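Q: Sharing query.json here; it has JSON, C-alpha atoms.
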```json
[["chain", "number", "residue", "atom", "x", "y", "z"],
["A", 1, "MET", "CA", 224.03, 149.92, 163.54],
["A", 2, "LYS", "CA", 221.94, 150.08, 160.39],
["A", 3, "ILE", "CA", 218.94, 152.38, 160.29],
["A", 4, "ASN", "CA", 215.66, 151.63, 158.52],
["A", 5, "PHE", "CA", 213.90, 154.99, 158.55],
["A", 6, "PRO", "CA", 214.33, 158.12, 156.39],
["A", 7, "VAL", "CA", 216.98, 160.12, 158.19],
["A", 8, "GLU", "CA", 216.49, 163.71, 157.03],
["A", 9, "GLU", "CA", 212.69, 163.56, 157.13],
["A", 10, "THR", "CA", 212.72, 162.07, 160.63],
["A", 11, "ILE", "CA", 215.30, 164.48, 162.04],
["A", 12, "ARG", "CA", 213.45, 167.49, 160.66],
["A", 13, "MET", "CA", 210.02, 166.43, 161.96],
["A", 14, "ARG", "CA", 211.14, 165.20, 165.40],
["A", 15, "ARG", "CA", 210.34, 167.49, 168.34],
["A", 16, "SER", "CA", 210.19, 167.07, 172.11],
["A", 17, "ILE", "CA", 206.74, 166.18, 173.43],
["A", 18, "ARG", "CA", 205.92, 167.17, 176.99],
["A", 19, "ASN", "CA", 202.11, 166.80, 176.95],
["A", 20, "TYR", "CA", 200.63, 163.34, 176.25],
["A", 21, "ASN", "CA", 197.13, 161.95, 175.83],
["A", 22, "ASN", "CA", 195.91, 158.87, 177.67],
["A", 23, "ASN", "CA", 195.91, 156.49, 174.69],
["A", 24, "ALA", "CA", 197.89, 153.33, 175.39],
["A", 25, "ILE", "CA", 200.56, 152.19, 172.97],
["A", 26, "PRO", "CA", 199.19, 149.02, 171.28],
["A", 27, "GLU", "CA", 200.86, 145.73, 172.20],
["A", 28, "LYS", "CA", 202.06, 145.18, 168.62],
["A", 29, "THR", "CA", 203.76, 148.58, 168.62],
["A", 30, "GLN", "CA", 205.31, 147.88, 172.01],
["A", 31, "ASN", "CA", 206.65, 144.60, 170.65],
["A", 32, "ASP", "CA", 208.10, 146.44, 167.64],
["A", 33, "ILE", "CA", 209.85, 148.82, 170.06],
["A", 34, "ARG", "CA", 211.30, 145.90, 172.02],
["A", 35, "LEU", "CA", 212.57, 144.34, 168.80],
["A", 36, "PHE", "CA", 214.15, 147.63, 167.76],
["A", 37, "LEU", "CA", 215.90, 147.93, 171.12],
["A", 38, "GLU", "CA", 217.50, 144.54, 170.47],
["A", 39, "THR", "CA", 219.11, 145.90, 167.28],
["A", 40, "LEU", "CA", 220.82, 148.83, 168.98],
["A", 41, "ASP", "CA", 224.58, 149.07, 169.19],
["A", 42, "ASN", "CA", 227.14, 151.87, 169.01],
["A", 43, "PRO", "CA", 230.59, 152.59, 167.55],
["A", 44, "PHE", "CA", 232.14, 153.10, 171.00],
["A", 45, "ASN", "CA", 231.94, 149.43, 172.06],
["A", 46, "GLN", "CA", 230.06, 150.23, 175.26],
["A", 47, "LYS", "CA", 227.02, 148.59, 176.81],
["A", 48, "VAL", "CA", 223.88, 150.68, 177.18],
["A", 49, "ASN", "CA", 221.09, 149.17, 179.27],
["A", 50, "PHE", "CA", 217.48, 150.12, 178.57],
["A", 51, "HIS", "CA", 214.75, 149.95, 181.20],
["A", 52, "SER", "CA", 211.00, 150.26, 180.58],
["A", 53, "LEU", "CA", 208.43, 151.42, 183.11],
["A", 54, "ASN", "CA", 204.66, 151.76, 183.08],
["A", 55, "ILE", "CA", 203.72, 153.74, 186.17],
["A", 56, "LYS", "CA", 200.17, 152.37, 186.03],
["A", 57, "GLU", "CA", 201.56, 148.91, 186.69],
["A", 58, "ILE", "CA", 203.72, 149.64, 189.73],
["A", 59, "LYS", "CA", 202.25, 149.13, 193.18],
["A", 60, "SER", "CA", 204.02, 152.00, 194.90],
["A", 61, "THR", "CA", 201.80, 154.92, 195.86],
["A", 62, "GLN", "CA", 204.74, 157.32, 195.49],
["A", 63, "LYS", "CA", 204.24, 159.68, 192.57],
["A", 64, "LEU", "CA", 207.24, 159.68, 190.21],
["A", 65, "GLY", "CA", 208.34, 163.25, 189.69],
["A", 66, "THR", "CA", 209.18, 165.13, 186.50],
["A", 67, "TYR", "CA", 208.80, 168.51, 188.21],
["A", 68, "GLY", "CA", 205.74, 169.45, 186.17],
["A", 69, "VAL", "CA", 207.67, 169.27, 182.90],
["A", 70, "ILE", "CA", 205.82, 166.19, 181.61],
["A", 71, "LYS", "CA", 202.01, 165.87, 181.59],
["A", 72, "GLY", "CA", 199.87, 162.80, 180.87],
["A", 73, "ALA", "CA", 202.67, 160.27, 180.32],
["A", 74, "HIS", "CA", 202.58, 156.90, 182.06],
["A", 75, "GLN", "CA", 205.23, 154.99, 180.08],
["A", 76, "PHE", "CA", 208.95, 155.75, 180.29],
["A", 77, "ILE", "CA", 212.21, 154.35, 178.94],
["A", 78, "GLY", "CA", 215.41, 154.90, 180.91],
["A", 79, "THR", "CA", 219.07, 154.07, 180.38],
["A", 80, "SER", "CA", 221.93, 153.02, 182.60],
["A", 81, "ILE", "CA", 225.65, 152.75, 181.85],
["A", 82, "ASN", "CA", 229.01, 152.42, 183.53],
["A", 83, "ASN", "CA", 230.88, 155.59, 184.43],
["A", 84, "SER", "CA", 233.07, 156.47, 181.45],
["A", 85, "LYS", "CA", 233.06, 159.15, 178.79],
["A", 86, "GLU", "CA", 232.79, 156.52, 176.04],
["A", 87, "SER", "CA", 229.65, 155.16, 177.71],
["A", 88, "LEU", "CA", 228.11, 158.63, 177.71],
["A", 89, "TYR", "CA", 228.82, 158.91, 173.97],
["A", 90, "ALA", "CA", 227.30, 155.45, 173.46],
["A", 91, "LEU", "CA", 224.20, 156.38, 175.44],
["A", 92, "GLY", "CA", 223.64, 159.49, 173.34],
["A", 93, "TYR", "CA", 224.11, 157.52, 170.13],
["A", 94, "GLU", "CA", 221.75, 154.65, 171.00],
["A", 95, "PHE", "CA", 219.09, 156.70, 172.74],
["A", 96, "GLU", "CA", 218.89, 159.14, 169.83],
["A", 97, "ALA", "CA", 218.52, 156.17, 167.47],
["A", 98, "LEU", "CA", 215.57, 155.06, 169.59],
["A", 99, "VAL", "CA", 214.10, 158.58, 169.72],
["A", 100, "LEU", "CA", 214.27, 158.91, 165.93],
["A", 101, "TYR", "CA", 212.72, 155.47, 165.42],
["A", 102, "LEU", "CA", 209.87, 156.30, 167.80],
["A", 103, "SER", "CA", 209.30, 159.63, 166.06],
["A", 104, "HIS", "CA", 209.18, 157.79, 162.73],
["A", 105, "ILE", "CA", 206.37, 155.51, 163.97],
["A", 106, "GLY", "CA", 204.41, 158.37, 165.56],
["A", 107, "ILE", "CA", 205.46, 157.96, 169.20],
["A", 108, "GLY", "CA", 206.38, 161.10, 171.14],
["A", 109, "THR", "CA", 209.48, 161.40, 173.34],
["A", 110, "CYS", "CA", 211.36, 164.00, 175.36],
["A", 111, "TRP", "CA", 214.97, 163.75, 176.54],
["A", 112, "LEU", "CA", 215.06, 164.24, 180.32],
["A", 113, "GLY", "CA", 218.45, 164.62, 181.95],
["A", 114, "GLY", "CA", 217.86, 166.90, 184.91],
["A", 115, "THR", "CA", 214.10, 167.41, 185.14],
["A", 116, "PHE", "CA", 213.14, 164.09, 186.70],
["A", 117, "ASN", "CA", 213.50, 162.63, 190.17],
["A", 118, "ARG", "CA", 216.46, 160.36, 189.54],
["A", 119, "GLN", "CA", 216.24, 158.50, 192.85],
["A", 120, "GLN", "CA", 212.54, 157.68, 192.47],
["A", 121, "PHE", "CA", 212.86, 156.49, 188.89],
["A", 122, "SER", "CA", 216.04, 154.49, 189.54],
["A", 123, "GLN", "CA", 214.27, 152.61, 192.34],
["A", 124, "ALA", "CA", 211.19, 151.99, 190.20],
["A", 125, "MET", "CA", 213.34, 150.76, 187.29],
["A", 126, "ASN", "CA", 215.62, 148.64, 189.54],
["A", 127, "ILE", "CA", 218.84, 150.39, 188.50],
["A", 128, "ASP", "CA", 221.97, 148.95, 190.13],
["A", 129, "ALA", "CA", 223.62, 151.30, 192.60],
["A", 130, "ASP", "CA", 226.97, 151.20, 190.75],
["A", 131, "GLU", "CA", 225.46, 152.27, 187.40],
["A", 132, "LEU", "CA", 224.95, 155.80, 186.10],
["A", 133, "PHE", "CA", 221.31, 156.62, 185.33],
["A", 134, "PRO", "CA", 221.59, 159.77, 183.21],
["A", 135, "ILE", "CA", 218.57, 159.85, 180.89],
["A", 136, "ILE", "CA", 214.92, 158.89, 180.67],
["A", 137, "SER", "CA", 212.14, 159.75, 178.25],
["A", 138, "PRO", "CA", 208.38, 159.46, 178.39],
["A", 139, "ILE", "CA", 206.92, 157.62, 175.42],
["A", 140, "GLY", "CA", 203.36, 157.97, 174.18],
["A", 141, "TYR", "CA", 201.03, 159.81, 171.88],
["A", 142, "PRO", "CA", 201.11, 163.62, 171.85],
["A", 143, "ALA", "CA", 198.11, 165.50, 173.22],
["A", 144, "ASP", "CA", 196.20, 167.60, 170.74],
["A", 145, "HIS", "CA", 197.53, 170.81, 172.25],
["A", 146, "PRO", "CA", 200.71, 171.54, 174.23],
["A", 147, "HIS", "CA", 200.17, 172.83, 177.75],
["A", 148, "PHE", "CA", 201.40, 176.29, 178.67],
["A", 149, "LYS", "CA", 204.44, 174.93, 180.53],
["A", 150, "GLU", "CA", 205.56, 173.13, 177.37],
["A", 151, "LYS", "CA", 205.31, 176.37, 175.40],
["A", 152, "ALA", "CA", 207.22, 178.19, 178.11],
["A", 153, "MET", "CA", 209.94, 175.50, 178.22],
["A", 154, "ARG", "CA", 210.43, 175.57, 174.44],
["A", 155, "LYS", "CA", 210.73, 179.34, 174.57],
["A", 156, "LEU", "CA", 213.12, 179.26, 177.53],
["A", 157, "ILE", "CA", 215.58, 176.85, 175.92],
["A", 158, "LYS", "CA", 215.08, 178.31, 172.42],
["A", 159, "ALA", "CA", 214.12, 174.83, 171.24],
["A", 160, "ASP", "CA", 213.80, 175.77, 167.59],
["A", 161, "ALA", "CA", 217.00, 177.84, 167.39],
["A", 162, "ARG", "CA", 220.25, 176.41, 166.05],
["A", 163, "LYS", "CA", 223.74, 177.83, 165.71],
["A", 164, "GLU", "CA", 225.05, 178.76, 162.29],
["A", 165, "PHE", "CA", 226.95, 176.15, 160.24],
["A", 166, "SER", "CA", 230.13, 178.26, 160.42],
["A", 167, "ALA", "CA", 229.99, 178.39, 164.24],
["A", 168, "LEU", "CA", 230.06, 174.60, 164.61],
["A", 169, "PHE", "CA", 232.29, 173.26, 161.84],
["A", 170, "PHE", "CA", 235.87, 174.12, 160.95],
["A", 171, "LEU", "CA", 238.53, 173.37, 158.33],
["A", 172, "ASN", "CA", 242.07, 172.36, 159.34],
["A", 173, "ASP", "CA", 242.09, 174.65, 162.41],
["A", 174, "PHE", "CA", 239.65, 176.41, 164.68],
["A", 175, "GLN", "CA", 240.28, 179.80, 163.11],
["A", 176, "THR", "CA", 238.86, 178.75, 159.74],
["A", 177, "PRO", "CA", 235.10, 178.13, 159.54],
["A", 178, "LEU", "CA", 234.03, 175.34, 157.22],
["A", 179, "THR", "CA", 231.70, 176.40, 154.43],
["A", 180, "GLN", "CA", 228.96, 174.20, 153.05],
["A", 181, "GLU", "CA", 230.65, 174.33, 149.65],
["A", 182, "THR", "CA", 233.99, 173.14, 151.03],
["A", 183, "ALA", "CA", 232.27, 170.41, 153.07],
["A", 184, "GLY", "CA", 231.10, 168.85, 149.79],
["A", 185, "GLU", "CA", 229.68, 165.35, 150.25],
["A", 186, "LEU", "CA", 229.84, 165.73, 154.02],
["A", 187, "CYS", "CA", 227.62, 168.82, 154.05],
["A", 188, "PHE", "CA", 224.37, 166.84, 154.41],
["A", 189, "ALA", "CA", 225.61, 164.87, 157.43],
["A", 190, "LEU", "CA", 227.00, 168.01, 159.08],
["A", 191, "GLU", "CA", 223.70, 169.82, 158.57],
["A", 192, "MET", "CA", 221.87, 166.94, 160.24],
["A", 193, "VAL", "CA", 224.30, 167.26, 163.17],
["A", 194, "ARG", "CA", 223.53, 170.99, 163.33],
["A", 195, "LEU", "CA", 219.82, 170.20, 163.67],
["A", 196, "GLY", "CA", 220.35, 167.72, 166.51],
["A", 197, "PRO", "CA", 218.92, 168.15, 170.02],
["A", 198, "SER", "CA", 221.15, 168.81, 173.02],
["A", 199, "ALA", "CA", 220.83, 169.59, 176.72],
["A", 200, "SER", "CA", 219.36, 173.09, 177.06],
["A", 201, "ASN", "CA", 219.94, 173.35, 173.29],
["A", 202, "LYS", "CA", 223.57, 174.35, 173.88],
["A", 203, "GLN", "CA", 224.95, 172.39, 170.89],
["A", 204, "PRO", "CA", 228.35, 171.72, 172.49],
["A", 205, "TRP", "CA", 229.74, 169.76, 169.53],
["A", 206, "ARG", "CA", 232.45, 171.22, 167.29],
["A", 207, "ILE", "CA", 233.75, 169.32, 164.27],
["A", 208, "LEU", "CA", 237.10, 169.90, 162.59],
["A", 209, "LEU", "CA", 237.51, 168.56, 159.06],
["A", 210, "LYS", "CA", 241.16, 167.76, 158.38],
["A", 211, "ASN", "CA", 242.75, 165.30, 155.95],
["A", 212, "ASN", "CA", 239.47, 163.56, 155.11],
["A", 213, "THR", "CA", 238.75, 163.03, 158.80],
["A", 214, "CYS", "CA", 236.11, 164.67, 160.99],
["A", 215, "HIS", "CA", 237.36, 165.26, 164.52],
["A", 216, "PHE", "CA", 234.61, 165.79, 167.11],
["A", 217, "PHE", "CA", 235.24, 168.10, 170.05],
["A", 218, "GLU", "CA", 233.17, 169.14, 173.02],
["A", 219, "GLU", "CA", 233.07, 172.84, 173.81],
["A", 220, "ARG", "CA", 232.51, 172.48, 177.54],
["A", 221, "GLU", "CA", 230.51, 175.13, 179.31],
["A", 222, "PRO", "CA", 232.18, 175.65, 182.71],
["A", 223, "GLY", "CA", 229.89, 174.70, 185.56],
["A", 224, "TYR", "CA", 227.08, 173.39, 183.38],
["A", 225, "SER", "CA", 227.42, 169.75, 184.51],
["A", 226, "LYS", "CA", 228.33, 170.48, 188.15],
["A", 227, "ALA", "CA", 224.96, 169.16, 189.35],
["A", 228, "PHE", "CA", 225.77, 165.69, 187.99],
["A", 229, "PRO", "CA", 228.49, 163.13, 188.76],
["A", 230, "TYR", "CA", 229.28, 163.06, 185.02],
["A", 231, "ASP", "CA", 229.53, 165.47, 182.08],
["A", 232, "ILE", "CA", 226.02, 165.40, 180.59],
["A", 233, "GLN", "CA", 227.24, 167.27, 177.51],
["A", 234, "LYS", "CA", 229.10, 164.13, 176.46],
["A", 235, "VAL", "CA", 225.68, 162.58, 175.83],
["A", 236, "ASP", "CA", 225.15, 165.42, 173.33],
["A", 237, "LEU", "CA", 228.33, 164.36, 171.52],
["A", 238, "GLY", "CA", 226.81, 160.88, 171.16],
["A", 239, "ILE", "CA", 223.67, 162.42, 169.66],
["A", 240, "ALA", "CA", 225.85, 164.29, 167.16],
["A", 241, "ALA", "CA", 227.64, 161.03, 166.27],
["A", 242, "ALA", "CA", 224.29, 159.32, 165.66],
["A", 243, "HIS", "CA", 223.02, 162.05, 163.33],
["A", 244, "PHE", "CA", 226.34, 162.08, 161.49],
["A", 245, "ASP", "CA", 226.54, 158.29, 161.14],
["A", 246, "PHE", "CA", 222.93, 157.74, 160.08],
["A", 247, "SER", "CA", 223.13, 160.57, 157.53],
["A", 248, "LEU", "CA", 226.31, 159.14, 156.02],
["A", 249, "GLN", "CA", 224.59, 155.76, 155.74],
["A", 250, "GLU", "CA", 221.75, 157.41, 153.85],
["A", 251, "ALA", "CA", 224.30, 159.18, 151.61],
["A", 252, "LYS", "CA", 226.18, 155.86, 151.16],
["A", 253, "LEU", "CA", 229.50, 157.25, 152.40],
["A", 254, "ASP", "CA", 231.69, 154.77, 154.28],
["A", 255, "GLY", "CA", 233.82, 155.49, 157.31],
["A", 256, "HIS", "CA", 234.39, 154.50, 160.92],
["A", 257, "PHE", "CA", 234.74, 156.09, 164.34],
["A", 258, "GLU", "CA", 237.88, 156.06, 166.47],
["A", 259, "THR", "CA", 238.35, 157.50, 169.96],
["A", 260, "LYS", "CA", 242.14, 157.88, 169.85],
["A", 261, "ALA", "CA", 242.91, 159.55, 166.55],
["A", 262, "ASP", "CA", 245.38, 162.44, 166.70],
["A", 263, "PRO", "CA", 243.88, 165.68, 165.35],
["A", 264, "SER", "CA", 247.27, 167.47, 165.64],
["A", 265, "VAL", "CA", 245.72, 170.89, 166.09],
["A", 266, "GLU", "CA", 245.86, 173.69, 168.63],
["A", 267, "ILE", "CA", 242.78, 173.25, 170.81],
["A", 268, "PRO", "CA", 240.95, 176.35, 172.12],
["A", 269, "LYS", "CA", 240.21, 176.86, 175.81],
["A", 270, "ASN", "CA", 237.34, 174.73, 177.14],
["A", 271, "PHE", "CA", 237.53, 172.42, 174.10],
["A", 272, "GLU", "CA", 238.03, 168.71, 174.68],
["A", 273, "TYR", "CA", 238.74, 166.11, 172.00],
["A", 274, "ALA", "CA", 236.08, 163.38, 171.88],
["A", 275, "PHE", "CA", 236.43, 161.08, 168.86],
["A", 276, "SER", "CA", 236.97, 161.06, 165.09],
["A", 277, "TRP", "CA", 235.20, 159.78, 162.01],
["A", 278, "ILE", "CA", 237.69, 158.56, 159.41],
["A", 279, "ARG", "CA", 236.54, 158.09, 155.85],
["A", 280, "ASP", "CA", 237.26, 154.66, 154.39]]
```
Rewrite the structure from the file as structure tokens, please.
A:
Amino acid sequence: MKINFPVEETIRMRRSIRNYNNNAIPEKTQNDIRLFLETLDNPFNQKVNFHSLNIKEIKSTQKLGTYGVIKGAHQFIGTSINNSKESLYALGYEFEALVLYLSHIGIGTCWLGGTFNRQQFSQAMNIDADELFPIISPIGYPADHPHFKEKAMRKLIKADARKEFSALFFLNDFQTPLTQETAGELCFALEMVRLGPSASNKQPWRILLKNNTCHFFEEREPGYSKAFPYDIQKVDLGIAAAHFDFSLQEAKLDGHFETKADPSVEIPKNFEYAFSWIRD
């Protein structure tokens, strides 16, 4: 997909919003969001379904739970997919595109993967029983001041911390860290990947640059996704792909993603190959 917002500026200013004011999103802005959703696609050829919900408009008296993490929000966007790793990558890619677009137009968001009542929201959003329902986000205008739980959450997950460039990116093998100088024209896109959000800010993506190709790997944390019927860290890999792709578009560097390229490299324990970006 083609992006129409400044990538670096938007990535750097975007932050998770957990405390919202009561101002409604104007109808024109909501229509712009719907139009943007229609433009979304992904390089993994998977369908991602988006579902909108305004809790003020539903008749149920049951309170939809976000376990105290979100305050003041009454509009949400959720996603559903089929059960495959490629669909999880696609979800991360498309949902991050939406998150960045909303940030660009002044709308707050917050990725929620485990801190919402999945059963309640899936019923309210009419999610089919055979679909995965991994992610939702509130959407709205940020409150003037974050509540104390938001401050505590950001501190707990070290929301503003990021791993070093050399810990995430490698050259030819996983024993040789990639330097910014060696990365050359790809350095900007890799830095935007480094700044990306991820579940619990674990940054599970690892990228190996070899023969003009960037191979994406997931460094799986054992047991982290055991509470879900899917590997939620694969969504993070989709986020990394979005940041990488959009940054390369801004830098006018052409390439394409493939899910079955052969990196021909010794893979460390707990690493899993995901996909590759091949320069054209």
Q: Atom CA of A:Gly184 and atom CA of A:His104, how far apart in Å?
A: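 Separation between atom CA of A:His104 and atom CA of A:Gly184: 27.8 Å.
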Q: So that I can see what lies close to A:Ile81, please list as an MDAnalysis selection string the residues with an atom at most 10 Å from it, counting only C-alpha atoms and leaving out residues fewer than 4 positions away in the same chain.
A: chainID A and resid 46:50 86:88 90:91 127:128 130:134
Q: Using all atoms listed in the file, which residues sit within 8 Å of A:Leu208 once same-chain residues fewer than 6 positions away are excluded, as a list in words?
A: Phe169, Phe170, Leu171, Asn172, Asp173, Phe174, Cys214, His215, Phe216 and Phe217 of chain A
Q: Compare A:Leu112, A:Leu100, A:Leu37, A:Ile267 by their minimum atom-to-atom distance to A:Glu219, counting only C-alpha atoms, and give me the closest one.
A: A:Ile267
Q: To one decimal place, how far is atom CA of A:Lys260 from atom CA of A:Ala189 in Å?
A: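 That distance, rounded to one decimal, is 21.8 Å.
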Q: Give me, as a list in words, all polymer residues having an atom no more than 12 Å from A:Glu258, counting all atoms listed in the file and skipping those fewer than 6 positions away in the same chain.
A: Asn42, Pro43, Phe44, Asn45, Glu86, Thr213, Cys214, His215, Phe216, Ala241, Tyr273, Ala274, Phe275, Ser276, Trp277, Ile278 and Arg279 of chain A
Q: Name the closest residue to A:Gly196 among the candidates A:Tyr67, A:Tyr93, A:Tyr230, A:Tyr20; distances are taken between atoms, counting all atoms listed in the file.
A: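 The answer is A:Tyr93, which sits nearest to A:Gly196.
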Q: So which one's closest to A:Phe257, A:Ile136, A:Asp41, A:Asp245, A:Pro26? Using all atoms listed in the file, please.
A: A:Asp245
Q: Between A:Asn211, A:Gln249, A:Ser200, A:Ser80, which has the minimum distance to A:Val265 (counting all atoms listed in the file)?
A: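 Closest candidate: A:Asn211.
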Q: Using Å and a single decimal, report how far atom CA of A:Ser247 sits from atom CA of A:Arg220.
A: 25.1 Å
Q: Rank A:Ile105, A:Met1, A:Ile11, A:Ile239 by their smallest atom-to-atom distance to A:Gly140, using all atoms listed in the file, and report the top residue only.
A: A:Ile105
Q: Restricting the calculation to only C-alpha atoms, which member of A:Phe121, A:Glu272, A:Asn22, A:Leu195 is positioned closest to A:Phe244?
A: A:Leu195
Q: Quick one: residues within 9 Å of A:Gln233, only C-alpha atoms counted, chain neighbours fewer than 6 positions away excluded, as a list of chain:residue names?
A: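 In the requested format, the answer is A:Leu88, A:Ser198, A:Ala199, A:Lys202, A:Gln203, A:Pro204, A:Trp205, A:Glu218, A:Glu219, A:Arg220, A:Glu221, A:Tyr224, A:Ser225.
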